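So this block is protein.csv, CSV, C-alpha atoms and all ligand atoms:
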chain,number,residue,atom,x,y,z
S,1,MET,CA,-43.2,79.6,-20.9
S,2,LYS,CA,-39.7,78.3,-20.3
S,3,GLU,CA,-38.2,76.6,-23.3
S,4,LYS,CA,-37.5,72.9,-22.7
S,5,ASN,CA,-34.0,71.8,-23.0
S,6,CYS,CA,-32.9,68.8,-25.0
S,7,GLU,CA,-32.8,66.5,-22.0
S,8,GLU,CA,-36.3,67.4,-20.9
S,9,LEU,CA,-37.7,66.9,-24.4
S,10,GLN,CA,-36.0,63.6,-24.6
S,11,ARG,CA,-37.7,62.6,-21.3
S,12,GLU,CA,-41.1,63.7,-22.5
S,13,VAL,CA,-40.7,61.7,-25.7
S,14,GLU,CA,-39.8,58.6,-23.6
S,15,ARG,CA,-42.9,59.1,-21.5
S,16,LEU,CA,-45.2,59.4,-24.5
S,17,LYS,CA,-43.6,56.3,-25.9
S,18,SER,CA,-44.5,54.4,-22.8
S,19,LEU,CA,-48.1,55.4,-23.2
S,20,LEU,CA,-48.0,54.3,-26.8
S,21,ASP,CA,-46.4,51.0,-25.7
S,22,ILE,CA,-49.3,50.3,-23.5
S,23,SER,CA,-51.9,50.8,-26.2
S,24,LEU,CA,-49.8,48.6,-28.6
S,25,LYS,CA,-49.5,45.8,-26.1
S,26,PHE,CA,-53.2,46.0,-25.5
S,27,GLY,CA,-53.9,44.6,-28.9
S,28,SER,CA,-51.5,41.6,-28.5
S,29,THR,CA,-53.1,39.9,-25.4
S,30,LEU,CA,-56.5,39.5,-23.9
S,31,ASP,CA,-55.4,38.3,-20.6
S,32,LEU,CA,-56.3,40.9,-18.0
S,33,GLN,CA,-53.7,40.0,-15.5
S,34,GLU,CA,-51.0,40.1,-18.2
S,35,ILE,CA,-52.2,43.5,-19.4
S,36,LEU,CA,-52.3,45.0,-15.9
S,37,ASN,CA,-48.8,43.6,-15.0
S,38,LEU,CA,-47.5,45.1,-18.2
S,39,ILE,CA,-49.1,48.5,-17.6
S,40,MET,CA,-47.7,48.7,-14.1
S,41,GLU,CA,-44.2,47.6,-15.1
S,42,ILE,CA,-44.3,50.4,-17.6
S,43,ALA,CA,-45.6,52.9,-15.0
S,44,LYS,CA,-42.8,51.8,-12.6
S,45,LYS,CA,-40.2,52.4,-15.2
S,46,THR,CA,-41.5,55.6,-16.7
S,47,LEU,CA,-42.1,57.2,-13.3
S,48,ASP,CA,-38.7,56.0,-11.9
S,49,ALA,CA,-40.4,54.2,-9.1
S,50,GLU,CA,-39.2,51.3,-7.0
S,51,ALA,CA,-42.6,49.5,-7.0
S,52,SER,CA,-46.1,49.9,-8.4
S,53,SER,CA,-49.4,48.3,-7.6
S,54,ILE,CA,-53.0,48.1,-8.4
S,55,PHE,CA,-55.8,47.6,-5.9
S,56,GLN,CA,-59.2,46.4,-6.7
S,57,ILE,CA,-62.2,47.0,-4.4
S,58,ASP,CA,-64.1,44.1,-2.8
S,59,GLU,CA,-67.4,45.8,-2.2
S,60,GLU,CA,-68.9,42.9,-0.2
S,61,LYS,CA,-66.1,42.6,2.3
S,62,ARG,CA,-65.3,46.3,2.1
S,63,GLU,CA,-61.6,45.7,1.5
S,64,LEU,CA,-59.0,46.6,-1.0
S,65,PHE,CA,-56.8,43.8,-2.4
S,66,PHE,CA,-53.8,43.8,-4.7
S,67,VAL,CA,-54.3,42.7,-8.3
S,68,VAL,CA,-50.8,43.8,-9.3
S,69,ALA,CA,-47.8,44.3,-7.0
S,70,THR,CA,-44.4,44.8,-8.8
S,71,GLY,CA,-41.1,45.4,-7.1
S,72,GLU,CA,-39.0,43.1,-5.0
S,73,LYS,CA,-41.7,42.5,-2.2
S,74,GLY,CA,-44.6,42.3,-4.7
S,75,LYS,CA,-45.2,38.6,-4.0
S,76,GLU,CA,-45.5,39.1,-0.3
S,77,ALA,CA,-47.7,42.2,-0.7
S,78,LYS,CA,-50.2,40.3,-2.8
S,79,THR,CA,-51.4,38.3,0.2
S,80,ILE,CA,-52.5,41.3,2.2
S,81,ARG,CA,-55.9,42.9,2.2
S,82,ILE,CA,-56.5,46.5,3.3
S,83,PRO,CA,-59.6,47.4,5.3
S,84,TRP,CA,-62.0,50.0,3.8
S,85,GLY,CA,-61.0,53.6,4.2
S,86,LYS,CA,-57.5,52.7,5.5
S,87,GLY,CA,-54.2,53.9,4.1
S,88,ILE,CA,-53.4,56.1,1.1
S,89,ALA,CA,-55.1,53.7,-1.3
S,90,GLY,CA,-58.2,53.6,0.9
S,91,TRP,CA,-58.3,57.4,1.0
S,92,VAL,CA,-58.0,57.6,-2.8
S,93,ALA,CA,-60.7,55.0,-3.3
S,94,GLU,CA,-63.1,56.9,-1.0
S,95,HIS,CA,-62.4,60.4,-2.4
S,96,GLY,CA,-61.8,59.5,-6.1
S,97,LYS,CA,-58.9,61.9,-6.2
S,98,PRO,CA,-55.2,61.5,-6.8
S,99,LEU,CA,-52.9,61.8,-3.8
S,100,LEU,CA,-49.2,62.6,-3.7
S,101,VAL,CA,-47.5,61.9,-0.4
S,102,PRO,CA,-43.8,62.9,-0.5
S,103,ASP,CA,-43.1,61.5,3.0
S,104,VAL,CA,-45.4,58.8,4.3
S,105,SER,CA,-43.9,59.0,7.8
S,106,LYS,CA,-45.5,62.4,8.2
S,107,ASP,CA,-48.9,61.4,6.9
S,108,PRO,CA,-51.3,59.8,9.5
S,109,ARG,CA,-53.3,58.2,6.6
S,110,PHE,CA,-50.4,55.8,5.8
S,111,PHE,CA,-51.3,52.2,6.6
S,112,GLN,CA,-48.2,50.6,8.0
S,113,ASP,CA,-49.3,46.9,7.9
S,114,VAL,CA,-48.1,46.3,4.4
S,115,ASP,CA,-44.5,47.4,5.1
S,116,LYS,CA,-44.5,45.5,8.4
S,117,LYS,CA,-45.6,42.3,6.8
S,118,THR,CA,-43.4,42.5,3.7
S,119,GLY,CA,-40.3,44.2,5.1
S,120,PHE,CA,-40.5,46.9,2.3
S,121,LYS,CA,-39.7,50.5,3.3
S,122,THR,CA,-42.2,52.9,1.8
S,123,LYS,CA,-41.0,56.5,1.6
S,124,SER,CA,-43.2,58.3,-0.9
S,125,ILE,CA,-46.4,57.3,-2.7
S,126,LEU,CA,-48.3,58.6,-5.7
S,127,ALA,CA,-51.8,57.1,-5.9
S,128,VAL,CA,-54.5,57.7,-8.4
S,129,PRO,CA,-58.0,56.3,-8.6
S,130,LEU,CA,-59.1,54.0,-11.4
S,131,ILE,CA,-62.4,55.4,-12.6
S,132,ARG,CA,-65.0,54.0,-15.0
S,133,LYS,CA,-68.3,55.7,-15.7
S,134,GLY,CA,-67.9,58.0,-12.7
S,135,LYS,CA,-67.3,55.1,-10.3
S,136,VAL,CA,-64.0,54.2,-8.6
S,137,ILE,CA,-63.2,50.6,-9.4
S,138,GLY,CA,-59.6,50.5,-8.0
S,139,VAL,CA,-56.5,52.4,-7.1
S,140,ALA,CA,-53.1,52.5,-8.8
S,141,GLU,CA,-49.9,53.4,-6.9
S,142,VAL,CA,-46.3,54.0,-7.6
S,143,ILE,CA,-43.9,53.9,-4.6
S,144,ASN,CA,-40.6,55.5,-3.8
S,145,LYS,CA,-39.1,57.7,-6.5
S,146,LYS,CA,-35.7,56.3,-7.4
S,147,GLY,CA,-32.6,58.3,-6.5
S,148,GLY,CA,-34.4,59.9,-3.5
S,149,GLY,CA,-36.3,62.4,-5.6
S,150,GLU,CA,-40.0,63.3,-5.3
S,151,PHE,CA,-42.9,62.5,-7.5
S,152,THR,CA,-44.1,65.6,-9.3
S,153,VAL,CA,-47.3,67.1,-10.6
S,154,GLU,CA,-46.2,66.1,-14.1
S,155,ASP,CA,-45.8,62.5,-12.8
S,156,THR,CA,-49.4,62.7,-11.5
S,157,ILE,CA,-50.8,63.7,-14.9
S,158,LEU,CA,-48.9,60.9,-16.7
S,159,PHE,CA,-49.9,58.4,-14.1
S,160,GLU,CA,-53.5,59.3,-14.4
S,161,ALA,CA,-53.3,58.6,-18.1
S,162,ILE,CA,-51.7,55.3,-17.5
S,163,ALA,CA,-54.3,54.4,-14.8
S,164,GLU,CA,-57.1,55.2,-17.3
S,165,GLN,CA,-55.7,52.5,-19.6
S,166,ALA,CA,-55.7,50.0,-16.6
S,167,ALA,CA,-59.3,51.0,-15.8
S,168,VAL,CA,-60.4,50.4,-19.4
S,169,ALA,CA,-58.8,47.0,-19.4
S,170,MET,CA,-60.5,46.0,-16.2
S,171,GLU,CA,-63.9,47.2,-17.4
S,172,ASN,CA,-63.5,45.4,-20.7
S,173,ALA,CA,-62.5,42.2,-19.0
S,174,LYS,CA,-65.6,42.4,-16.8
S,175,LEU,CA,-67.9,43.0,-19.7
S,176,TYR,CA,-66.3,40.2,-21.7
S,177,SER,CA,-66.6,37.7,-19.0
S,178,GLN,CA,-70.3,38.7,-18.4
S,179,LEU,CA,-70.9,38.1,-22.1
S,180,GLU,CA,-69.0,34.8,-22.0
S,181,ASN,CA,-71.0,33.6,-19.0
S,182,LEU,CA,-74.3,34.5,-20.7
S,183,PHE,CA,-73.2,32.7,-23.8
S,184,LEU,CA,-72.2,29.5,-21.8
S,185,SER,CA,-75.3,29.4,-19.7
S,186,SER,CA,-77.5,29.8,-22.8
S,187,ILE,CA,-75.6,26.9,-24.4
S,188,ARG,CA,-76.1,24.8,-21.2
S,189,ALA,CA,-79.8,25.6,-21.2
S,190,ILE,CA,-80.2,24.6,-24.9
S,191,VAL,CA,-78.3,21.3,-24.3
S,192,ASN,CA,-80.4,20.6,-21.2
S,193,ALA,CA,-83.6,21.2,-23.2
S,194,ILE,CA,-82.4,18.7,-25.8
S,195,GLU,CA,-81.5,16.0,-23.3
S,196,GLU,CA,-84.7,16.5,-21.3
S,197,LYS,CA,-86.7,14.5,-23.6
S,198,ASP,CA,-84.7,11.3,-23.0
S,199,GLU,CA,-84.2,10.2,-19.4
S,200,TYR,CA,-81.4,7.8,-20.3
S,201,THR,CA,-79.1,10.3,-21.9
S,202,ARG,CA,-80.1,13.1,-19.5
S,203,GLY,CA,-76.9,14.6,-18.0
S,204,HIS,CA,-74.6,12.8,-20.5
S,205,THR,CA,-73.3,16.0,-21.9
S,206,GLY,CA,-72.7,17.6,-18.5
S,207,ARG,CA,-70.8,14.5,-17.4
S,208,VAL,CA,-68.7,14.3,-20.6
S,209,THR,CA,-67.9,18.0,-20.2
S,210,GLU,CA,-66.8,17.5,-16.6
S,211,TYR,CA,-64.6,14.4,-17.5
S,212,SER,CA,-63.1,16.3,-20.5
S,213,LEU,CA,-62.2,19.3,-18.3
S,214,LEU,CA,-60.5,17.0,-15.7
S,215,ILE,CA,-58.4,15.5,-18.6
S,216,GLY,CA,-57.7,18.9,-20.0
S,217,LYS,CA,-56.5,20.3,-16.7
S,218,ARG,CA,-54.3,17.2,-16.2
S,219,LEU,CA,-52.8,17.8,-19.6
S,220,GLY,CA,-52.0,21.4,-18.6
S,221,LEU,CA,-54.2,23.2,-21.0
S,222,SER,CA,-54.3,27.0,-20.8
S,223,ASN,CA,-57.4,29.0,-19.7
S,224,ASP,CA,-58.3,29.7,-23.3
S,225,GLU,CA,-57.9,26.0,-24.3
S,226,ILE,CA,-60.0,24.9,-21.4
S,227,LYS,CA,-62.8,27.2,-22.6
S,228,THR,CA,-62.6,25.8,-26.1
S,229,LEU,CA,-62.6,22.3,-24.7
S,230,GLU,CA,-65.6,23.0,-22.5
S,231,LEU,CA,-67.7,24.4,-25.4
S,232,SER,CA,-66.7,21.6,-27.7
S,233,ALA,CA,-67.7,19.0,-25.1
S,234,LEU,CA,-71.0,20.7,-24.2
S,235,LEU,CA,-71.9,20.6,-27.9
S,236,HIS,CA,-70.3,17.4,-29.0
S,237,ASP,CA,-73.6,15.5,-29.5
S,238,VAL,CA,-75.8,18.4,-30.6
S,239,GLY,CA,-76.2,16.7,-34.0
S,240,LYS,CA,-78.3,14.0,-32.3
S,241,ILE,CA,-81.2,16.6,-32.4
S,242,GLY,CA,-81.7,15.6,-36.0
S,243,ILE,CA,-81.9,11.8,-35.4
S,244,PRO,CA,-85.3,10.2,-34.9
S,245,ASP,CA,-86.2,9.1,-31.4
S,246,SER,CA,-87.1,5.7,-32.8
S,247,ILE,CA,-83.5,5.1,-33.6
S,248,LEU,CA,-81.9,7.0,-30.8
S,249,ARG,CA,-84.0,5.3,-28.1
S,250,LYS,CA,-84.2,1.9,-29.6
S,251,PRO,CA,-83.5,-0.6,-26.9
S,252,GLY,CA,-82.4,-3.6,-29.0
S,253,ARG,CA,-79.7,-4.0,-31.7
S,254,LEU,CA,-79.6,-1.4,-34.4
S,255,THR,CA,-79.7,-2.4,-38.1
S,256,ASP,CA,-76.9,-1.3,-40.3
S,257,GLU,CA,-79.0,1.5,-41.7
S,258,GLU,CA,-80.0,2.7,-38.3
S,259,TYR,CA,-76.4,2.6,-37.2
S,260,ALA,CA,-75.4,4.6,-40.2
S,261,VAL,CA,-78.0,7.3,-39.2
S,262,ILE,CA,-76.6,7.4,-35.7
S,263,LYS,CA,-73.1,7.8,-37.1
S,264,SER,CA,-74.2,10.9,-39.0
S,265,HIS,CA,-74.6,12.9,-35.7
S,266,PRO,CA,-71.1,14.5,-35.6
S,267,LEU,CA,-71.5,15.9,-39.1
S,268,ARG,CA,-75.0,17.0,-38.4
S,269,GLY,CA,-73.7,18.8,-35.3
S,270,VAL,CA,-71.1,20.7,-37.5
S,271,LYS,CA,-73.8,21.6,-39.9
S,272,ILE,CA,-76.0,23.1,-37.1
S,273,LEU,CA,-73.1,25.1,-35.6
S,274,GLU,CA,-71.3,26.1,-38.8
S,275,PRO,CA,-73.3,29.3,-39.3
S,276,ILE,CA,-72.2,30.7,-35.9
S,277,GLU,CA,-69.2,32.8,-36.8
S,278,ASN,CA,-67.3,32.9,-33.5
S,279,ILE,CA,-67.4,29.2,-32.6
S,280,LYS,CA,-65.6,27.9,-35.7
S,281,HIS,CA,-62.7,26.8,-33.4
S,282,ILE,CA,-64.9,24.1,-31.7
S,283,LEU,CA,-66.0,22.4,-34.9
S,284,PRO,CA,-63.1,20.0,-35.2
S,285,GLY,CA,-63.7,18.6,-31.7
S,286,ILE,CA,-67.3,18.0,-32.5
S,287,LYS,CA,-66.8,16.5,-36.0
S,288,HIS,CA,-64.1,14.0,-34.8
S,289,HIS,CA,-65.2,12.9,-31.4
S,290,HIS,CA,-65.9,9.4,-32.7
S,291,GLU,CA,-62.6,8.9,-34.4
S,292,ARG,CA,-60.4,6.1,-33.0
S,293,TYR,CA,-56.7,6.4,-32.4
S,294,ASP,CA,-56.0,3.4,-34.7
S,295,GLY,CA,-58.0,5.0,-37.6
S,296,LYS,CA,-61.0,2.8,-37.3
S,297,GLY,CA,-63.5,5.4,-36.2
S,298,TYR,CA,-65.8,7.8,-38.0
S,299,PRO,CA,-66.6,10.0,-39.9
S,300,ASP,CA,-63.1,10.3,-41.6
S,301,GLY,CA,-61.1,7.4,-40.1
S,302,LEU,CA,-58.4,9.8,-39.0
S,303,LYS,CA,-55.5,8.2,-37.2
S,304,GLY,CA,-53.3,9.2,-34.2
S,305,LYS,CA,-52.4,12.8,-33.7
S,306,LYS,CA,-54.2,13.7,-37.0
S,307,ILE,CA,-57.4,13.6,-34.9
S,308,PRO,CA,-58.0,17.0,-33.5
S,309,PHE,CA,-56.8,17.3,-29.9
S,310,TYR,CA,-60.1,18.2,-28.3
S,311,ALA,CA,-61.8,15.3,-30.1
S,312,ARG,CA,-59.2,12.9,-28.6
S,313,ILE,CA,-60.0,14.1,-25.1
S,314,ILE,CA,-63.8,14.1,-25.6
S,315,ALA,CA,-63.5,10.5,-27.0
S,316,VAL,CA,-62.1,9.2,-23.7
S,317,ALA,CA,-64.7,11.1,-21.6
S,318,ASP,CA,-67.5,10.0,-23.9
S,319,ALA,CA,-66.6,6.3,-23.7
S,320,PHE,CA,-66.2,6.4,-20.0
S,321,ASP,CA,-69.7,7.9,-19.5
S,322,ALA,CA,-71.2,5.5,-22.0
S,323,MET,CA,-69.8,2.6,-19.9
S,324,THR,CA,-70.7,3.9,-16.5
S,325,SER,CA,-74.1,5.4,-17.0
S,326,ASP,CA,-77.3,3.3,-16.9
S,327,ARG,CA,-79.1,2.6,-20.1
S,328,PRO,CA,-82.6,1.2,-20.8
S,329,TYR,CA,-81.3,-2.3,-21.4
S,330,ARG,CA,-78.4,-2.4,-18.9
S,331,LYS,CA,-77.0,-1.0,-15.7
S,332,GLY,CA,-73.9,1.1,-15.8
S,333,LEU,CA,-70.6,-0.8,-15.4
S,334,PRO,CA,-68.6,-0.5,-12.2
S,335,ILE,CA,-65.8,2.1,-12.3
S,336,GLU,CA,-63.0,-0.6,-12.1
S,337,ILE,CA,-64.3,-2.3,-15.3
S,338,ALA,CA,-64.6,0.9,-17.2
S,339,ARG,CA,-61.1,1.9,-16.0
S,340,LYS,CA,-59.7,-1.4,-17.3
S,341,GLU,CA,-61.4,-0.9,-20.6
S,342,ILE,CA,-59.8,2.5,-21.1
S,343,GLU,CA,-56.4,1.1,-20.0
S,344,GLU,CA,-56.6,-1.8,-22.4
S,345,ASN,CA,-57.7,0.4,-25.3
S,346,ARG,CA,-55.1,3.1,-24.9
S,347,GLY,CA,-53.3,3.3,-28.2
S,348,THR,CA,-56.0,1.5,-30.2
S,349,GLN,CA,-59.3,3.3,-29.5
S,350,PHE,CA,-57.9,6.1,-27.3
S,351,ASP,CA,-55.0,8.6,-27.6
S,352,PRO,CA,-52.6,7.1,-24.9
S,353,GLU,CA,-51.8,10.6,-23.6
S,354,CYS,CA,-55.5,11.5,-23.0
S,355,ALA,CA,-56.2,8.0,-21.7
S,356,ASP,CA,-53.3,8.2,-19.2
S,357,ALA,CA,-54.4,11.6,-18.0
S,358,PHE,CA,-57.9,10.2,-17.3
S,359,LEU,CA,-56.5,7.1,-15.6
S,360,ARG,CA,-54.3,9.3,-13.4
S,361,GLU,CA,-57.4,11.3,-12.5
S,362,LEU,CA,-59.3,8.1,-11.7
S,363,ASP,CA,-56.5,6.9,-9.4
S,364,GLU,CA,-55.7,10.1,-7.7
S,365,ASN,CA,-59.1,11.7,-7.5
S,366,PRO,CA,-61.7,8.8,-7.5
S,367,GLU,CA,-64.2,10.6,-5.2
S,368,ARG,CA,-64.7,13.4,-7.7
S,369,ILE,CA,-65.5,10.9,-10.5
S,370,GLU,CA,-67.7,8.7,-8.3
S,371,GLU,CA,-69.6,11.8,-7.4
S,372,ILE,CA,-70.2,12.7,-11.1
S,373,ILE,CA,-71.4,9.2,-11.8
S,374,LYS,CA,-73.6,9.1,-8.8
S,375,ARG,CA,-75.3,12.3,-9.7
S,376,GLY,CA,-76.2,10.7,-13.1
S,377,ARG,CA,-77.8,7.7,-11.3
S,378,GLU,CA,-80.0,9.7,-9.0
U,401,FE,FE,-71.3,11.3,-30.0

Structure translated into structure tokens:
Amino acid sequence: MKEKNCEELQREVERLKSLLDISLKFGSTLDLQEILNLIMEIAKKTLDAEASSIFQIDEEKRELFFVVATGEKGKEAKTIRIPWGKGIAGWVAEHGKPLLVPDVSKDPRFFQDVDKKTGFKTKSILAVPLIRKGKVIGVAEVINKKGGGEFTVEDTILFEAIAEQAAVAMENAKLYSQLENLFLSSIRAIVNAIEEKDEYTRGHTGRVTEYSLLIGKRLGLSNDEIKTLELSALLHDVGKIGIPDSILRKPGRLTDEEYAVIKSHPLRGVKILEPIENIKHILPGIKHHHERYDGKGYPDGLKGKKIPFYARIIAVADAFDAMTSDRPYRKGLPIEIARKEIEENRGTQFDPECADAFLRELDENPERIEEIIKRGRE
């Protein structure tokens, strides 16, 4: 075997470092798109390519679509879908084998539409399949070796190793989201079962969750924050399960003792959920959803921004639903009156930021809110 010179060894070390880089970055983020972008940036750099991309397979439409497209025309490329079996990527998806095309102009399989639409000039392509459990789930490509060189067999081996990391990330994300969906739908089913016994609070949780999410999105929460908010809102009143129906459904005025029992529901909720290890982050939103911005709420009389953020959002959503939904002893208030109530109590009962976000939603997207209220009255 030919001994490697210093320069070659250096290059190999660099390449191994890039693989290590990918696995290190894996641990630092859970966002699939971010991981895939990162992997393909590293692939582009390590393999000296002008651009790199990942295609996923849309089995229903029998098309390939870009999930990552780096390089200067990446943004334009991402809007294009490739018909099944077309192009180099299509061939790789169909055959489950890597393909090295040093000159695309001489290969009839090359699909010219992407270049035509983006203005990019593809010269050479190295494409490898993304395989999990024996099934092709996508295709990764690096395009145009820089400096006019050609992709090599060594490049293919390294790219296959990189692609495997991308495939693992995609598979993990899919499993994770399936698990998350199962979890959320189980929670919804439990909450529905609890609400089912009382026709007047039926749907309350669902509506409060929808209003909370509208506020959260207005406030620019991240995907992860939206998920926490959703779960907190879904479970905010779960503690009512421990309150006797005779109090919960009492039509007339409550005595002081009865009111004290009602007021225990946020803490009861925390007690019920506390033993569940991976939802500790939603407990503050549940415990404090009846605090008031001026400190006159319960259970702790927290004031202002000391009230956990999710609780301040849920408080606005909860109050709006309480006002606009029908109760045994009264019809729901018209939207305009409820709107005014929230406006007048911003800064006293409600966090002004959260109240304003909801008021903006009410003004700019009234049909959406009307539809949520109407569903509750049917
Ligand atoms: Fe509540």

Discussion item. With all atoms listed in the file as the counted atoms, please give the residues lying no more than 12 Å from Lys133 in chain S, apart from itself and same-chain residues fewer than 6 positions off, as a PyMOL selection string.
Written reply: chain S and resi 164+167-168+171

Worksheet entry | One-decimal distance in Å that lies between CA of Glu160 in chain S and CA of Arg11 in chain S | 17.6 Å

Item to complete: Find the residues near Ala319 in chain S: any atom within 9 Å, counting all atoms listed in the file, skip ones fewer than 5 places away on the same chain, and give them as number ranges by chain.
Response: S: 208, 314, 324, 338, 342

Worksheet entry | Distance filter 8 Å around ligand FE 401 (chain U), atoms: only C-alpha atoms and all ligand atoms, out as a PyMOL selection string | chain S and resi 236-237+240+265-266+289-290+318

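Residue nearest Lys374 in chain S within the list S:Asp245, S:Ser325, S:Asp198, S:Asp351: S:Ser325 [criterion: smallest interatomic distance, all atoms listed in the file].
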
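Across the model, the gap from CA of Asp294 in chain S to CA of Thr348 in chain S is 4.9 Å.
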
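CA of Leu19 in chain S is positioned 16.2 Å from CA of Leu130 in chain S.
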
Item to complete: Show which residues sit within 10 Å of Gly147 in chain S, as JSON, numbers by chain. Count all atoms listed in the file, and ignore same-chain residues fewer than 2 positions away.
Response: {"S": [48, 49, 50, 144, 145, 149, 150]}
